[in-house]
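Next comes work08.txt, a file with compact mmCIF, N, CA and C atoms.
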```txt
# COMPACT_ATOMS: atom_id res chain seq x y z
N MET P 1 -41.95 11.77 -20.26
CA MET P 1 -41.99 13.19 -20.01
C MET P 1 -40.57 13.74 -20.13
N SER P 2 -40.42 14.88 -20.68
CA SER P 2 -39.09 15.47 -20.84
C SER P 2 -39.14 16.93 -20.43
N ARG P 3 -37.97 17.46 -20.17
CA ARG P 3 -37.86 18.85 -19.76
C ARG P 3 -36.90 19.56 -20.71
N PRO P 4 -37.12 20.82 -20.99
CA PRO P 4 -36.22 21.53 -21.91
C PRO P 4 -34.91 21.92 -21.21
N ILE P 5 -33.83 21.88 -21.94
CA ILE P 5 -32.54 22.37 -21.45
C ILE P 5 -32.01 23.39 -22.43
N ALA P 6 -30.82 23.89 -22.21
CA ALA P 6 -30.24 24.94 -23.04
C ALA P 6 -30.19 24.50 -24.50
N GLY P 7 -30.47 25.40 -25.39
CA GLY P 7 -30.41 25.12 -26.81
C GLY P 7 -31.67 24.48 -27.35
N GLY P 8 -32.73 24.36 -26.55
CA GLY P 8 -33.97 23.80 -27.01
C GLY P 8 -34.01 22.29 -27.03
N LEU P 9 -32.95 21.61 -26.58
CA LEU P 9 -32.95 20.16 -26.53
C LEU P 9 -33.81 19.68 -25.37
N ARG P 10 -34.28 18.47 -25.46
CA ARG P 10 -35.09 17.91 -24.38
C ARG P 10 -34.39 16.68 -23.83
N VAL P 11 -34.46 16.51 -22.50
CA VAL P 11 -33.86 15.37 -21.83
C VAL P 11 -34.96 14.63 -21.10
N SER P 12 -35.03 13.33 -21.32
CA SER P 12 -36.08 12.55 -20.68
C SER P 12 -35.71 12.22 -19.24
N ASN P 13 -36.69 11.80 -18.46
CA ASN P 13 -36.44 11.40 -17.08
C ASN P 13 -35.57 10.15 -17.01
N LYS P 14 -35.66 9.27 -18.05
CA LYS P 14 -34.79 8.08 -18.08
C LYS P 14 -33.34 8.50 -18.19
N LYS P 15 -33.07 9.48 -19.02
CA LYS P 15 -31.70 9.98 -19.19
C LYS P 15 -31.21 10.59 -17.88
N LYS P 16 -32.09 11.32 -17.22
CA LYS P 16 -31.72 11.93 -15.94
C LYS P 16 -31.43 10.85 -14.90
N ALA P 17 -32.25 9.82 -14.85
CA ALA P 17 -32.02 8.72 -13.90
C ALA P 17 -30.73 7.99 -14.24
N PHE P 18 -30.47 7.80 -15.54
CA PHE P 18 -29.23 7.15 -15.94
C PHE P 18 -28.03 7.97 -15.52
N ASP P 19 -28.09 9.28 -15.69
CA ASP P 19 -26.99 10.16 -15.29
C ASP P 19 -26.74 10.09 -13.79
N VAL P 20 -27.79 10.01 -13.01
CA VAL P 20 -27.64 9.92 -11.56
C VAL P 20 -26.97 8.61 -11.19
N VAL P 21 -27.42 7.51 -11.80
CA VAL P 21 -26.84 6.20 -11.50
C VAL P 21 -25.39 6.15 -11.97
N ALA P 22 -25.11 6.66 -13.17
CA ALA P 22 -23.74 6.67 -13.68
C ALA P 22 -22.84 7.51 -12.78
N GLY P 23 -23.33 8.64 -12.30
CA GLY P 23 -22.55 9.46 -11.39
C GLY P 23 -22.26 8.74 -10.08
N ALA P 24 -23.24 8.01 -9.57
CA ALA P 24 -23.03 7.25 -8.34
C ALA P 24 -21.99 6.15 -8.53
N VAL P 25 -22.04 5.50 -9.70
CA VAL P 25 -21.05 4.45 -9.99
C VAL P 25 -19.65 5.05 -10.08
N TRP P 26 -19.52 6.16 -10.80
CA TRP P 26 -18.21 6.81 -10.91
C TRP P 26 -17.69 7.28 -9.55
N LEU P 27 -18.58 7.79 -8.74
CA LEU P 27 -18.18 8.25 -7.41
C LEU P 27 -17.69 7.08 -6.55
N SER P 28 -18.39 5.96 -6.63
CA SER P 28 -17.96 4.80 -5.84
C SER P 28 -16.64 4.24 -6.36
N LEU P 29 -16.45 4.25 -7.68
CA LEU P 29 -15.17 3.79 -8.23
C LEU P 29 -14.04 4.75 -7.87
N ALA P 30 -14.33 6.03 -7.89
CA ALA P 30 -13.30 7.02 -7.54
C ALA P 30 -12.89 6.91 -6.08
N SER P 31 -13.81 6.46 -5.23
CA SER P 31 -13.46 6.31 -3.82
C SER P 31 -12.55 5.11 -3.60
N LEU P 32 -12.50 4.19 -4.55
CA LEU P 32 -11.61 3.03 -4.43
C LEU P 32 -10.20 3.31 -4.94
N VAL P 33 -10.02 4.36 -5.71
CA VAL P 33 -8.72 4.66 -6.30
C VAL P 33 -7.63 4.90 -5.26
N PRO P 34 -7.87 5.65 -4.19
CA PRO P 34 -6.80 5.81 -3.20
C PRO P 34 -6.37 4.49 -2.56
N ALA P 35 -7.30 3.59 -2.33
CA ALA P 35 -6.94 2.30 -1.76
C ALA P 35 -6.05 1.52 -2.72
N LEU P 36 -6.34 1.63 -4.01
CA LEU P 36 -5.50 0.95 -4.99
C LEU P 36 -4.12 1.58 -5.07
N ALA P 37 -4.05 2.89 -4.90
CA ALA P 37 -2.77 3.57 -4.97
C ALA P 37 -1.88 3.19 -3.79
N PHE P 38 -2.47 3.00 -2.61
CA PHE P 38 -1.68 2.64 -1.45
C PHE P 38 -1.31 1.16 -1.45
N ALA P 39 -1.93 0.37 -2.30
CA ALA P 39 -1.68 -1.06 -2.30
C ALA P 39 -0.37 -1.42 -2.98
N GLN P 40 0.20 -0.52 -3.74
CA GLN P 40 1.42 -0.83 -4.45
C GLN P 40 2.56 0.06 -3.98
N ALA P 41 3.78 -0.39 -4.23
CA ALA P 41 4.96 0.36 -3.83
C ALA P 41 5.14 1.57 -4.76
N SER P 42 5.69 2.61 -4.21
CA SER P 42 5.93 3.82 -4.99
C SER P 42 7.08 3.59 -5.96
N PRO P 43 6.92 3.89 -7.24
CA PRO P 43 8.04 3.72 -8.17
C PRO P 43 9.18 4.66 -7.86
N PHE P 44 8.87 5.85 -7.33
CA PHE P 44 9.94 6.77 -6.95
C PHE P 44 10.78 6.19 -5.81
N ASN P 45 10.09 5.61 -4.82
CA ASN P 45 10.80 5.03 -3.68
C ASN P 45 11.67 3.86 -4.12
N THR P 46 11.17 3.01 -5.00
CA THR P 46 11.94 1.87 -5.49
C THR P 46 13.15 2.34 -6.28
N GLY P 47 12.95 3.31 -7.16
CA GLY P 47 14.06 3.84 -7.96
C GLY P 47 15.09 4.55 -7.11
N ALA P 48 14.64 5.33 -6.14
CA ALA P 48 15.57 6.05 -5.28
C ALA P 48 16.38 5.08 -4.42
N THR P 49 15.75 4.01 -3.96
CA THR P 49 16.48 3.03 -3.14
C THR P 49 17.54 2.32 -3.96
N SER P 50 17.21 1.93 -5.18
CA SER P 50 18.21 1.25 -6.01
C SER P 50 19.33 2.20 -6.41
N LEU P 51 19.02 3.46 -6.69
CA LEU P 51 20.06 4.43 -7.01
C LEU P 51 20.97 4.67 -5.81
N LEU P 52 20.39 4.75 -4.63
CA LEU P 52 21.19 4.96 -3.43
C LEU P 52 22.13 3.79 -3.17
N SER P 53 21.64 2.57 -3.31
CA SER P 53 22.50 1.41 -3.07
C SER P 53 23.61 1.34 -4.11
N PHE P 54 23.30 1.69 -5.37
CA PHE P 54 24.33 1.71 -6.41
C PHE P 54 25.38 2.77 -6.12
N ALA P 55 24.93 3.97 -5.74
CA ALA P 55 25.87 5.06 -5.46
C ALA P 55 26.75 4.74 -4.27
N LEU P 56 26.19 4.11 -3.24
CA LEU P 56 27.00 3.77 -2.08
C LEU P 56 28.01 2.67 -2.41
N THR P 57 27.65 1.76 -3.30
CA THR P 57 28.60 0.72 -3.71
C THR P 57 29.79 1.33 -4.44
N ILE P 58 29.53 2.30 -5.30
CA ILE P 58 30.61 2.95 -6.04
C ILE P 58 31.40 3.89 -5.13
N ALA P 59 30.72 4.58 -4.24
CA ALA P 59 31.36 5.63 -3.44
C ALA P 59 32.24 5.09 -2.31
N THR P 60 32.02 3.86 -1.88
CA THR P 60 32.79 3.34 -0.74
C THR P 60 34.29 3.31 -1.01
N PRO P 61 34.77 2.67 -2.08
CA PRO P 61 36.22 2.70 -2.30
C PRO P 61 36.76 4.08 -2.67
N ILE P 62 35.94 4.87 -3.37
CA ILE P 62 36.38 6.23 -3.72
C ILE P 62 36.56 7.07 -2.47
N ALA P 63 35.63 6.96 -1.52
CA ALA P 63 35.74 7.73 -0.27
C ALA P 63 36.98 7.33 0.51
N ALA P 64 37.27 6.04 0.55
CA ALA P 64 38.48 5.59 1.27
C ALA P 64 39.73 6.18 0.64
N LEU P 65 39.81 6.18 -0.69
CA LEU P 65 40.99 6.74 -1.36
C LEU P 65 41.09 8.25 -1.16
N ILE P 66 39.96 8.93 -1.14
CA ILE P 66 39.98 10.38 -0.93
C ILE P 66 40.47 10.72 0.47
N VAL P 67 39.99 9.98 1.48
CA VAL P 67 40.43 10.24 2.86
C VAL P 67 41.92 9.96 2.98
N ILE P 68 42.40 8.89 2.40
CA ILE P 68 43.83 8.58 2.46
C ILE P 68 44.64 9.67 1.77
N GLY P 69 44.19 10.09 0.58
CA GLY P 69 44.93 11.12 -0.16
C GLY P 69 44.94 12.45 0.58
N LEU P 70 43.81 12.84 1.15
CA LEU P 70 43.77 14.10 1.89
C LEU P 70 44.62 14.03 3.16
N ALA P 71 44.61 12.90 3.84
CA ALA P 71 45.43 12.75 5.05
C ALA P 71 46.91 12.85 4.73
N VAL P 72 47.32 12.22 3.64
CA VAL P 72 48.73 12.30 3.23
C VAL P 72 49.09 13.73 2.86
N ALA P 73 48.21 14.40 2.09
CA ALA P 73 48.48 15.78 1.70
C ALA P 73 48.54 16.71 2.91
N ALA P 74 47.68 16.48 3.91
CA ALA P 74 47.72 17.30 5.11
C ALA P 74 48.95 16.98 5.95
N SER P 75 49.37 15.73 5.95
CA SER P 75 50.56 15.34 6.73
C SER P 75 51.82 16.01 6.22
N VAL P 76 51.93 16.18 4.91
CA VAL P 76 53.13 16.81 4.36
C VAL P 76 52.97 18.32 4.21
N GLY P 77 51.85 18.84 4.65
CA GLY P 77 51.66 20.29 4.71
C GLY P 77 51.16 20.92 3.43
N LYS P 78 50.64 20.16 2.50
CA LYS P 78 50.16 20.73 1.24
C LYS P 78 48.76 21.34 1.37
N ILE P 79 47.92 20.79 2.26
CA ILE P 79 46.59 21.35 2.50
C ILE P 79 46.36 21.45 4.00
N SER P 80 45.33 22.17 4.37
CA SER P 80 44.98 22.33 5.77
C SER P 80 44.25 21.09 6.27
N TRP P 81 44.37 20.84 7.58
CA TRP P 81 43.64 19.72 8.18
C TRP P 81 42.14 19.97 8.17
N GLY P 82 41.74 21.21 8.01
CA GLY P 82 40.32 21.53 7.91
C GLY P 82 39.67 20.88 6.70
N TRP P 83 40.43 20.79 5.60
CA TRP P 83 39.92 20.10 4.41
C TRP P 83 39.68 18.62 4.70
N VAL P 84 40.56 18.01 5.43
CA VAL P 84 40.41 16.58 5.76
C VAL P 84 39.18 16.38 6.63
N ILE P 85 39.04 17.24 7.65
CA ILE P 85 37.89 17.12 8.55
C ILE P 85 36.59 17.39 7.78
N GLY P 86 36.61 18.39 6.91
CA GLY P 86 35.42 18.68 6.10
C GLY P 86 35.05 17.53 5.17
N ALA P 87 36.05 16.91 4.58
CA ALA P 87 35.79 15.77 3.70
C ALA P 87 35.22 14.59 4.48
N ILE P 88 35.75 14.35 5.66
CA ILE P 88 35.25 13.24 6.49
C ILE P 88 33.81 13.51 6.91
N VAL P 89 33.48 14.75 7.29
CA VAL P 89 32.10 15.09 7.66
C VAL P 89 31.18 14.94 6.45
N GLY P 90 31.63 15.38 5.28
CA GLY P 90 30.83 15.23 4.07
C GLY P 90 30.60 13.78 3.70
N ILE P 91 31.62 12.97 3.82
CA ILE P 91 31.48 11.55 3.52
C ILE P 91 30.54 10.89 4.52
N ALA P 92 30.63 11.28 5.78
CA ALA P 92 29.72 10.73 6.79
C ALA P 92 28.27 11.12 6.47
N ALA P 93 28.08 12.34 5.98
CA ALA P 93 26.72 12.78 5.62
C ALA P 93 26.20 11.99 4.42
N ILE P 94 27.07 11.71 3.45
CA ILE P 94 26.64 10.94 2.28
C ILE P 94 26.28 9.52 2.67
N PHE P 95 27.14 8.87 3.45
CA PHE P 95 26.87 7.49 3.82
C PHE P 95 25.78 7.38 4.89
N GLY P 96 25.54 8.44 5.62
CA GLY P 96 24.48 8.42 6.62
C GLY P 96 23.17 9.00 6.13
N SER P 97 23.06 9.24 4.82
CA SER P 97 21.86 9.88 4.27
C SER P 97 20.57 9.10 4.54
N PRO P 98 20.55 7.76 4.48
CA PRO P 98 19.29 7.08 4.79
C PRO P 98 18.82 7.34 6.23
N GLN P 99 19.76 7.34 7.16
CA GLN P 99 19.39 7.60 8.54
C GLN P 99 18.98 9.06 8.75
N ILE P 100 19.64 9.98 8.05
CA ILE P 100 19.29 11.39 8.17
C ILE P 100 17.90 11.64 7.61
N VAL P 101 17.60 11.03 6.46
CA VAL P 101 16.27 11.19 5.86
C VAL P 101 15.20 10.59 6.76
N ALA P 102 15.47 9.43 7.33
CA ALA P 102 14.51 8.80 8.23
C ALA P 102 14.28 9.68 9.47
N TRP P 103 15.32 10.29 9.96
CA TRP P 103 15.20 11.16 11.13
C TRP P 103 14.34 12.39 10.78
N ILE P 104 14.60 13.02 9.62
CA ILE P 104 13.84 14.21 9.23
C ILE P 104 12.39 13.85 8.95
N ARG P 105 12.16 12.71 8.31
CA ARG P 105 10.78 12.29 8.07
C ARG P 105 10.05 12.03 9.38
N GLY P 106 10.77 11.49 10.38
CA GLY P 106 10.18 11.27 11.69
C GLY P 106 9.81 12.57 12.38
N LEU P 107 10.61 13.62 12.16
CA LEU P 107 10.32 14.92 12.75
C LEU P 107 9.01 15.49 12.22
N PHE P 108 8.75 15.29 10.93
CA PHE P 108 7.56 15.85 10.32
C PHE P 108 6.40 14.86 10.26
N GLY P 109 6.60 13.67 10.78
CA GLY P 109 5.53 12.69 10.83
C GLY P 109 5.13 12.12 9.49
N VAL P 110 6.08 12.02 8.59
CA VAL P 110 5.78 11.50 7.24
C VAL P 110 6.09 10.03 7.20
```

Go ahead and render the structure in this file as structure tokens.
Amino acid sequence: MSRPIAGGLRVSNKKKAFDVVAGAVWLSLASLVPALAFAQASPFNTGATSLLSFALTIATPIAALIVIGLAVAASVGKISWGWVIGAIVGIAAIFGSPQIVAWIRGLFGV
């Protein structure tokens, strides 16, 4: 037995039953996708962690030289001590970024 659909085509009950079963299979497979997504590490998180460790490795000696240079320049009166304090606060923020991000994520429950 078949029923008419748009355009004068006819669809049998077997086709309708197949569509229902296929839809149920797709729905059950789609419900498994989030579990598969949570099973693996985020590529963004992995890339961001490696970039952060690389940047901190490069920035450590550069930050030390900058602090020394600014302190010497402030000692001889070429720049204000405010620049030295600002640079030290900025460097602390850069090196403390993992802890700052963890703190902010904890605030929002992420």

*Identify, on the basis of only C-alpha atoms, every residue whose closest approach to region 59-69 of chain P does not exceed 12 Å; exclude the query and any residue fewer than 6 positions from it along the same chain; express the result as a PyMOL selection string.*
chain P and resi 51-53+75-76+78-79+81+83-95

*What separation in Å, quoted to one decimal, exists between atom N of Pro98 (chain P) and CA of Thr46 (chain P)?*
14.4 Å

*asked:* As an exercise, work out the distance from atom C of Thr57 (chain P) to atom N of Gly96 (chain P) in Å and give it to one decimal place.
replied: 13.0 Å

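You will find atom C of Ile58 (chain P) at 29.1 Å from atom C of Gly106 (chain P).
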
Emit as JSON the padded axis-aligned box for all listed atoms of region 53-56 of chain P, 3 Å per side, with centre and edge lengths in Å to one decimal.
```
{"center_x": 24.8, "center_y": 3.2, "center_z": -4.2, "size_x": 12.4, "size_y": 9.7, "size_z": 10.3}
```
